[in-house]
Amino acid sequence: MKELVAVNGQVMKPEDAKISVFDRGFLFGDAVYEVTRSYGKVFFQFEAHIDRLFRSAEWLKLDLGKTADRIIQEIYSIYKEIGEPNYYMRLQVTRGEGPIGMDPSLAGKPNYVLYFKPFEVPPKEYYTEGVDIAVTERLRNSKRSLDPNIKSGNYLNNVLAFIEGKEFRPYESVMMNSEGFITEGCTSNIQIVQGDTIVMTPDEFDILRGITRSLVEEVANTSGIQIQKRGFTAQELFDADEVFITSSTREIMPVKSANGKKTGKRSTVVRALQEGYKKKIEEYSRWAESHHPWN
Ligand code: PDD
């Protein structure tokens, strides 16, 4: 199994990959990124990830200099050479290098950094028993400062939340908003279940609207599971029947404790969602096998 990096299309060992100290991604976090994983030959929800990359870049007025099709093709041409299934893939595009200064027009062309590594499947009990989280006092960036929908190279807000949660040795730490509602995890979305209803943070909250979270909505809709979009508090999370996090790399993972207190009395809805999600992967893989450029 190979781990490798491609810098502007040049494939190399991770330890040989270098980027300039004048790169704005390094200097200011002036960059956008996406993370996805493959199931077999196919990167799941690839188009949605590339779409989001373009949206993030547009908000930052960062010209990616390539079309979505070209990016997808380039990634698959490298992945095809790896020739083994189930990879983690991170694509980061920085605004490029230039003299130090805020003005984005100081930058040259964007730098593309692709990182592939064999996907490390989380332990099975994370999906059955659940994981531990910390609910921190840290506020998620407000939309008016740095919209969390911009998947930017600046994750300091999330790093701070992770540091703050550390006393609970959590798998994930979650952040709040100024009204006392929970927003999202450092690298995941979080939902609770009350009775048979999923309570999900409203789209307009300060969150990244995750691709996995959208799939949860689709699965719920087709499985007759109700979704209520509203803010929920830490207390509601502690008292919920089920709590779960979602992300492209974790899929749908139940939460078994928050700040050291046991959460979730059962896992009926989470199980149904996990089943539905598996079907989505199968459906997508069938579609992508006939649509993607490596075919
Ligand atoms: N993180 N919220 C944040 C802040 C995230 O960074 C992520 C993803 C999510 C979930 O989004 P999605 O379902 O589209 O993966 C929510 C990725 C996995 C990462 O940074 O590794």
# chains A, B, ... in the order shown; residues from 1 in each chain; ligands from 1
call {"tool": "residues_near_ligand", "arguments": {"ligand": "ligand 1", "cutoff": "8 Å", "atoms": "only C-alpha atoms and all ligand atoms", "output": "list in words"}}
result
Glu34, Val35, Thr36, His49, Arg90, Pro148, Lys151, Asn158, Glu184, Gly185, Cys186, Thr187, Ser188, Asn189, Ile207, Leu208, Arg209, Gly210, Ile211, Thr212, Arg213, Ser214, Thr246, Ser247, Ser248, Thr249, Arg250 and Glu251 of chain A
call {"tool": "residues_around", "arguments": {"residues": "A:Met253", "least_positions_apart": "3", "cutoff": "7 Å", "atoms": "only C-alpha atoms", "output": "PyMOL selection string"}}
result
chain A and resi 126-127+130+244-246+250
call {"tool": "select_by_dssp", "arguments": {"residues": "stretch 25-133 of chain A", "states": "helix (DSSP H, G or I)", "output": "PyMOL selection string"}}
result
chain A and resi 25-28+46-59+68-82+104-106+124-128
call {"tool": "write_last_selection", "arguments": {"atoms": "N, CA and C atoms", "output": "compact mmCIF listing (two decimals), in the first residue's frame"}}
result
# COMPACT_ATOMS: atom_id res chain seq x y z
N GLY A 25 -0.75 29.74 1.87
CA GLY A 25 -1.39 28.72 2.69
C GLY A 25 -0.61 28.57 3.99
N PHE A 26 0.71 28.55 3.87
CA PHE A 26 1.60 28.46 5.04
C PHE A 26 1.53 29.74 5.87
N LEU A 27 1.56 30.89 5.20
CA LEU A 27 1.62 32.17 5.92
C LEU A 27 0.30 32.53 6.60
N PHE A 28 -0.81 32.35 5.87
CA PHE A 28 -2.10 32.88 6.38
C PHE A 28 -3.23 31.85 6.41
N PHE A 46 -17.59 12.37 -5.10
CA PHE A 46 -16.47 13.18 -5.58
C PHE A 46 -16.93 14.54 -6.15
N GLU A 47 -18.01 14.51 -6.94
CA GLU A 47 -18.48 15.75 -7.56
C GLU A 47 -18.89 16.77 -6.50
N ALA A 48 -19.55 16.27 -5.44
CA ALA A 48 -20.00 17.17 -4.37
C ALA A 48 -18.78 17.81 -3.67
N HIS A 49 -17.73 17.04 -3.49
CA HIS A 49 -16.53 17.59 -2.85
C HIS A 49 -15.87 18.64 -3.76
N ILE A 50 -15.80 18.32 -5.05
CA ILE A 50 -15.15 19.27 -5.96
C ILE A 50 -16.01 20.54 -6.10
N ASP A 51 -17.33 20.36 -6.11
CA ASP A 51 -18.24 21.53 -6.13
C ASP A 51 -17.98 22.41 -4.93
N ARG A 52 -17.84 21.77 -3.76
CA ARG A 52 -17.63 22.56 -2.54
C ARG A 52 -16.28 23.27 -2.59
N LEU A 53 -15.28 22.59 -3.17
CA LEU A 53 -13.96 23.22 -3.32
C LEU A 53 -14.11 24.51 -4.13
N PHE A 54 -14.90 24.43 -5.20
CA PHE A 54 -15.09 25.62 -6.05
C PHE A 54 -15.85 26.72 -5.30
N ARG A 55 -16.85 26.31 -4.52
CA ARG A 55 -17.61 27.30 -3.75
C ARG A 55 -16.70 27.98 -2.72
N SER A 56 -15.91 27.17 -2.01
CA SER A 56 -14.98 27.73 -1.01
C SER A 56 -14.05 28.73 -1.69
N ALA A 57 -13.51 28.33 -2.85
CA ALA A 57 -12.55 29.18 -3.56
C ALA A 57 -13.23 30.48 -4.03
N GLU A 58 -14.48 30.35 -4.48
CA GLU A 58 -15.19 31.53 -4.97
C GLU A 58 -15.37 32.55 -3.84
N TRP A 59 -15.77 32.05 -2.65
CA TRP A 59 -15.96 32.96 -1.51
C TRP A 59 -14.66 33.68 -1.17
N ALA A 68 -13.42 21.72 -12.97
CA ALA A 68 -13.71 20.61 -12.07
C ALA A 68 -13.35 19.27 -12.74
N ASP A 69 -13.71 19.14 -14.03
CA ASP A 69 -13.42 17.88 -14.76
C ASP A 69 -11.92 17.61 -14.80
N ARG A 70 -11.16 18.65 -15.03
CA ARG A 70 -9.71 18.49 -15.11
C ARG A 70 -9.17 18.01 -13.75
N ILE A 71 -9.68 18.61 -12.67
CA ILE A 71 -9.19 18.23 -11.33
C ILE A 71 -9.52 16.76 -11.07
N ILE A 72 -10.77 16.37 -11.38
CA ILE A 72 -11.19 14.99 -11.15
C ILE A 72 -10.31 14.03 -11.97
N GLN A 73 -10.08 14.41 -13.21
CA GLN A 73 -9.26 13.56 -14.09
C GLN A 73 -7.83 13.41 -13.55
N GLU A 74 -7.27 14.51 -13.11
CA GLU A 74 -5.88 14.46 -12.60
C GLU A 74 -5.78 13.57 -11.37
N ILE A 75 -6.79 13.68 -10.50
CA ILE A 75 -6.76 12.87 -9.28
C ILE A 75 -6.88 11.39 -9.63
N TYR A 76 -7.81 11.08 -10.52
CA TYR A 76 -7.97 9.67 -10.90
C TYR A 76 -6.75 9.13 -11.65
N SER A 77 -6.09 9.99 -12.41
CA SER A 77 -4.94 9.46 -13.15
C SER A 77 -3.84 9.03 -12.17
N ILE A 78 -3.73 9.70 -11.04
CA ILE A 78 -2.74 9.28 -10.04
C ILE A 78 -3.26 8.06 -9.27
N TYR A 79 -4.52 8.12 -8.91
CA TYR A 79 -5.10 7.03 -8.11
C TYR A 79 -5.05 5.70 -8.88
N LYS A 80 -5.27 5.80 -10.18
CA LYS A 80 -5.25 4.60 -11.02
C LYS A 80 -3.90 3.89 -10.94
N GLU A 81 -2.86 4.71 -10.86
CA GLU A 81 -1.51 4.15 -10.78
C GLU A 81 -1.28 3.43 -9.44
N ILE A 82 -1.93 3.92 -8.40
CA ILE A 82 -1.78 3.26 -7.09
C ILE A 82 -2.36 1.85 -7.18
N PRO A 104 -4.25 39.72 -1.93
CA PRO A 104 -4.18 38.43 -2.63
C PRO A 104 -3.52 38.53 -4.01
N SER A 105 -3.53 39.74 -4.59
CA SER A 105 -2.93 39.82 -5.93
C SER A 105 -1.40 39.72 -5.88
N LEU A 106 -0.84 39.66 -4.68
CA LEU A 106 0.61 39.44 -4.56
C LEU A 106 0.99 38.00 -4.93
N LYS A 124 -14.21 -1.09 14.72
CA LYS A 124 -15.62 -1.47 14.54
C LYS A 124 -16.51 -0.97 15.68
N GLU A 125 -15.97 -1.02 16.90
CA GLU A 125 -16.82 -0.63 18.05
C GLU A 125 -17.17 0.86 18.04
N TYR A 126 -16.43 1.65 17.28
CA TYR A 126 -16.81 3.07 17.17
C TYR A 126 -18.19 3.18 16.52
N TYR A 127 -18.49 2.22 15.63
CA TYR A 127 -19.78 2.26 14.91
C TYR A 127 -20.89 1.56 15.69
N THR A 128 -20.50 0.68 16.59
CA THR A 128 -21.52 -0.06 17.35
C THR A 128 -21.70 0.56 18.75
call {"tool": "residues_around", "arguments": {"residues": "A:Phe232", "least_positions_apart": "3", "cutoff": "8 Å", "atoms": "only C-alpha atoms", "output": "number ranges by chain"}}
result
A: 181-182, 199-201, 236-237
call {"tool": "closest_residue", "arguments": {"among": "A:Glu120, A:Asp239, A:Glu275, A:Asp63", "to": "A:Tyr88", "atoms": "only C-alpha atoms"}}
result
A:Glu120
call {"tool": "closest_residue", "arguments": {"among": "A:Ala6, A:Val193, A:Ala288, A:Val255", "to": "A:Asp241", "atoms": "only C-alpha atoms"}}
result
A:Val193
call {"tool": "atom_distance", "arguments": {"atom1": "atom CA of A:Leu215", "atom2": "atom CA of A:Arg138"}}
result
27.2 Å
call {"tool": "atom_distance", "arguments": {"atom1": "atom CA of A:Gly224", "atom2": "atom CA of A:Ile252"}}
result
17.8 Å
call {"tool": "decode", "arguments": {"residues": "stretch 259-281 of chain A", "atoms": "N, CA, C and O atoms", "output": "PDB file, in the first residue's frame"}}
result
ATOM      1  N   ASN A 259     -18.371  14.867  27.621  1.00  0.00           N
ATOM      2  CA  ASN A 259     -17.760  15.407  28.852  1.00  0.00           C
ATOM      3  C   ASN A 259     -17.788  14.383  29.988  1.00  0.00           C
ATOM      4  O   ASN A 259     -18.092  14.703  31.138  1.00  0.00           O
ATOM      5  N   GLY A 260     -17.536  13.142  29.618  1.00  0.00           N
ATOM      6  CA  GLY A 260     -17.448  12.085  30.621  1.00  0.00           C
ATOM      7  C   GLY A 260     -18.797  11.515  31.053  1.00  0.00           C
ATOM      8  O   GLY A 260     -18.845  10.549  31.805  1.00  0.00           O
ATOM      9  N   LYS A 261     -19.924  12.113  30.576  1.00  0.00           N
ATOM     10  CA  LYS A 261     -21.252  11.593  30.957  1.00  0.00           C
ATOM     11  C   LYS A 261     -21.783  10.718  29.837  1.00  0.00           C
ATOM     12  O   LYS A 261     -21.677  11.067  28.652  1.00  0.00           O
ATOM     13  N   LYS A 262     -22.394   9.621  30.224  1.00  0.00           N
ATOM     14  CA  LYS A 262     -22.919   8.684  29.228  1.00  0.00           C
ATOM     15  C   LYS A 262     -24.043   9.350  28.419  1.00  0.00           C
ATOM     16  O   LYS A 262     -24.879  10.058  28.982  1.00  0.00           O
ATOM     17  N   THR A 263     -24.019   9.167  27.091  1.00  0.00           N
ATOM     18  CA  THR A 263     -25.091   9.734  26.259  1.00  0.00           C
ATOM     19  C   THR A 263     -25.769   8.619  25.464  1.00  0.00           C
ATOM     20  O   THR A 263     -25.148   7.597  25.169  1.00  0.00           O
ATOM     21  N   GLY A 264     -27.008   8.856  25.084  1.00  0.00           N
ATOM     22  CA  GLY A 264     -27.714   7.924  24.196  1.00  0.00           C
ATOM     23  C   GLY A 264     -28.090   6.647  24.905  1.00  0.00           C
ATOM     24  O   GLY A 264     -27.262   5.954  25.474  1.00  0.00           O
ATOM     25  N   LYS A 265     -29.417   6.369  24.878  1.00  0.00           N
ATOM     26  CA  LYS A 265     -29.893   5.183  25.578  1.00  0.00           C
ATOM     27  C   LYS A 265     -30.031   4.015  24.621  1.00  0.00           C
ATOM     28  O   LYS A 265     -30.238   2.890  25.012  1.00  0.00           O
ATOM     29  N   ARG A 266     -29.978   4.280  23.322  1.00  0.00           N
ATOM     30  CA  ARG A 266     -30.218   3.228  22.331  1.00  0.00           C
ATOM     31  C   ARG A 266     -29.582   3.638  21.003  1.00  0.00           C
ATOM     32  O   ARG A 266     -28.925   4.670  20.938  1.00  0.00           O
ATOM     33  N   SER A 267     -29.774   2.833  19.953  1.00  0.00           N
ATOM     34  CA  SER A 267     -29.126   3.195  18.687  1.00  0.00           C
ATOM     35  C   SER A 267     -29.991   2.858  17.479  1.00  0.00           C
ATOM     36  O   SER A 267     -29.475   2.642  16.397  1.00  0.00           O
ATOM     37  N   THR A 268     -31.311   2.828  17.670  1.00  0.00           N
ATOM     38  CA  THR A 268     -32.226   2.426  16.590  1.00  0.00           C
ATOM     39  C   THR A 268     -32.110   3.295  15.342  1.00  0.00           C
ATOM     40  O   THR A 268     -31.962   2.769  14.231  1.00  0.00           O
ATOM     41  N   VAL A 269     -32.167   4.616  15.518  1.00  0.00           N
ATOM     42  CA  VAL A 269     -32.149   5.502  14.356  1.00  0.00           C
ATOM     43  C   VAL A 269     -30.761   5.490  13.714  1.00  0.00           C
ATOM     44  O   VAL A 269     -30.629   5.399  12.490  1.00  0.00           O
ATOM     45  N   VAL A 270     -29.718   5.532  14.547  1.00  0.00           N
ATOM     46  CA  VAL A 270     -28.357   5.513  13.998  1.00  0.00           C
ATOM     47  C   VAL A 270     -28.136   4.245  13.159  1.00  0.00           C
ATOM     48  O   VAL A 270     -27.596   4.308  12.053  1.00  0.00           O
ATOM     49  N   ARG A 271     -28.590   3.108  13.659  1.00  0.00           N
ATOM     50  CA  ARG A 271     -28.434   1.846  12.902  1.00  0.00           C
ATOM     51  C   ARG A 271     -29.106   1.954  11.537  1.00  0.00           C
ATOM     52  O   ARG A 271     -28.539   1.565  10.512  1.00  0.00           O
ATOM     53  N   ALA A 272     -30.344   2.486  11.535  1.00  0.00           N
ATOM     54  CA  ALA A 272     -31.092   2.611  10.269  1.00  0.00           C
ATOM     55  C   ALA A 272     -30.340   3.544   9.313  1.00  0.00           C
ATOM     56  O   ALA A 272     -30.246   3.266   8.108  1.00  0.00           O
ATOM     57  N   LEU A 273     -29.788   4.609   9.851  1.00  0.00           N
ATOM     58  CA  LEU A 273     -29.053   5.548   8.991  1.00  0.00           C
ATOM     59  C   LEU A 273     -27.784   4.897   8.444  1.00  0.00           C
ATOM     60  O   LEU A 273     -27.433   5.069   7.269  1.00  0.00           O
ATOM     61  N   GLN A 274     -27.105   4.134   9.295  1.00  0.00           N
ATOM     62  CA  GLN A 274     -25.871   3.458   8.834  1.00  0.00           C
ATOM     63  C   GLN A 274     -26.182   2.505   7.686  1.00  0.00           C
ATOM     64  O   GLN A 274     -25.459   2.434   6.698  1.00  0.00           O
ATOM     65  N   GLU A 275     -27.288   1.778   7.819  1.00  0.00           N
ATOM     66  CA  GLU A 275     -27.708   0.851   6.749  1.00  0.00           C
ATOM     67  C   GLU A 275     -27.989   1.599   5.458  1.00  0.00           C
ATOM     68  O   GLU A 275     -27.541   1.218   4.381  1.00  0.00           O
ATOM     69  N   GLY A 276     -28.771   2.681   5.598  1.00  0.00           N
ATOM     70  CA  GLY A 276     -29.132   3.499   4.433  1.00  0.00           C
ATOM     71  C   GLY A 276     -27.897   4.101   3.783  1.00  0.00           C
ATOM     72  O   GLY A 276     -27.814   4.206   2.550  1.00  0.00           O
ATOM     73  N   TYR A 277     -26.928   4.486   4.585  1.00  0.00           N
ATOM     74  CA  TYR A 277     -25.703   5.105   4.074  1.00  0.00           C
ATOM     75  C   TYR A 277     -24.909   4.095   3.240  1.00  0.00           C
ATOM     76  O   TYR A 277     -24.371   4.419   2.185  1.00  0.00           O
ATOM     77  N   LYS A 278     -24.876   2.856   3.742  1.00  0.00           N
ATOM     78  CA  LYS A 278     -24.178   1.790   3.005  1.00  0.00           C
ATOM     79  C   LYS A 278     -24.772   1.643   1.599  1.00  0.00           C
ATOM     80  O   LYS A 278     -24.056   1.519   0.608  1.00  0.00           O
ATOM     81  N   LYS A 279     -26.102   1.705   1.531  1.00  0.00           N
ATOM     82  CA  LYS A 279     -26.768   1.590   0.222  1.00  0.00           C
ATOM     83  C   LYS A 279     -26.399   2.760  -0.676  1.00  0.00           C
ATOM     84  O   LYS A 279     -26.227   2.604  -1.884  1.00  0.00           O
ATOM     85  N   LYS A 280     -26.297   3.937  -0.094  1.00  0.00           N
ATOM     86  CA  LYS A 280     -25.912   5.122  -0.878  1.00  0.00           C
ATOM     87  C   LYS A 280     -24.528   4.924  -1.500  1.00  0.00           C
ATOM     88  O   LYS A 280     -24.291   5.317  -2.640  1.00  0.00           O
ATOM     89  N   ILE A 281     -23.616   4.320  -0.722  1.00  0.00           N
ATOM     90  CA  ILE A 281     -22.257   4.083  -1.239  1.00  0.00           C
ATOM     91  C   ILE A 281     -22.330   3.114  -2.424  1.00  0.00           C
ATOM     92  O   ILE A 281     -21.701   3.334  -3.457  1.00  0.00           O
TER      93      ILE A 281
END
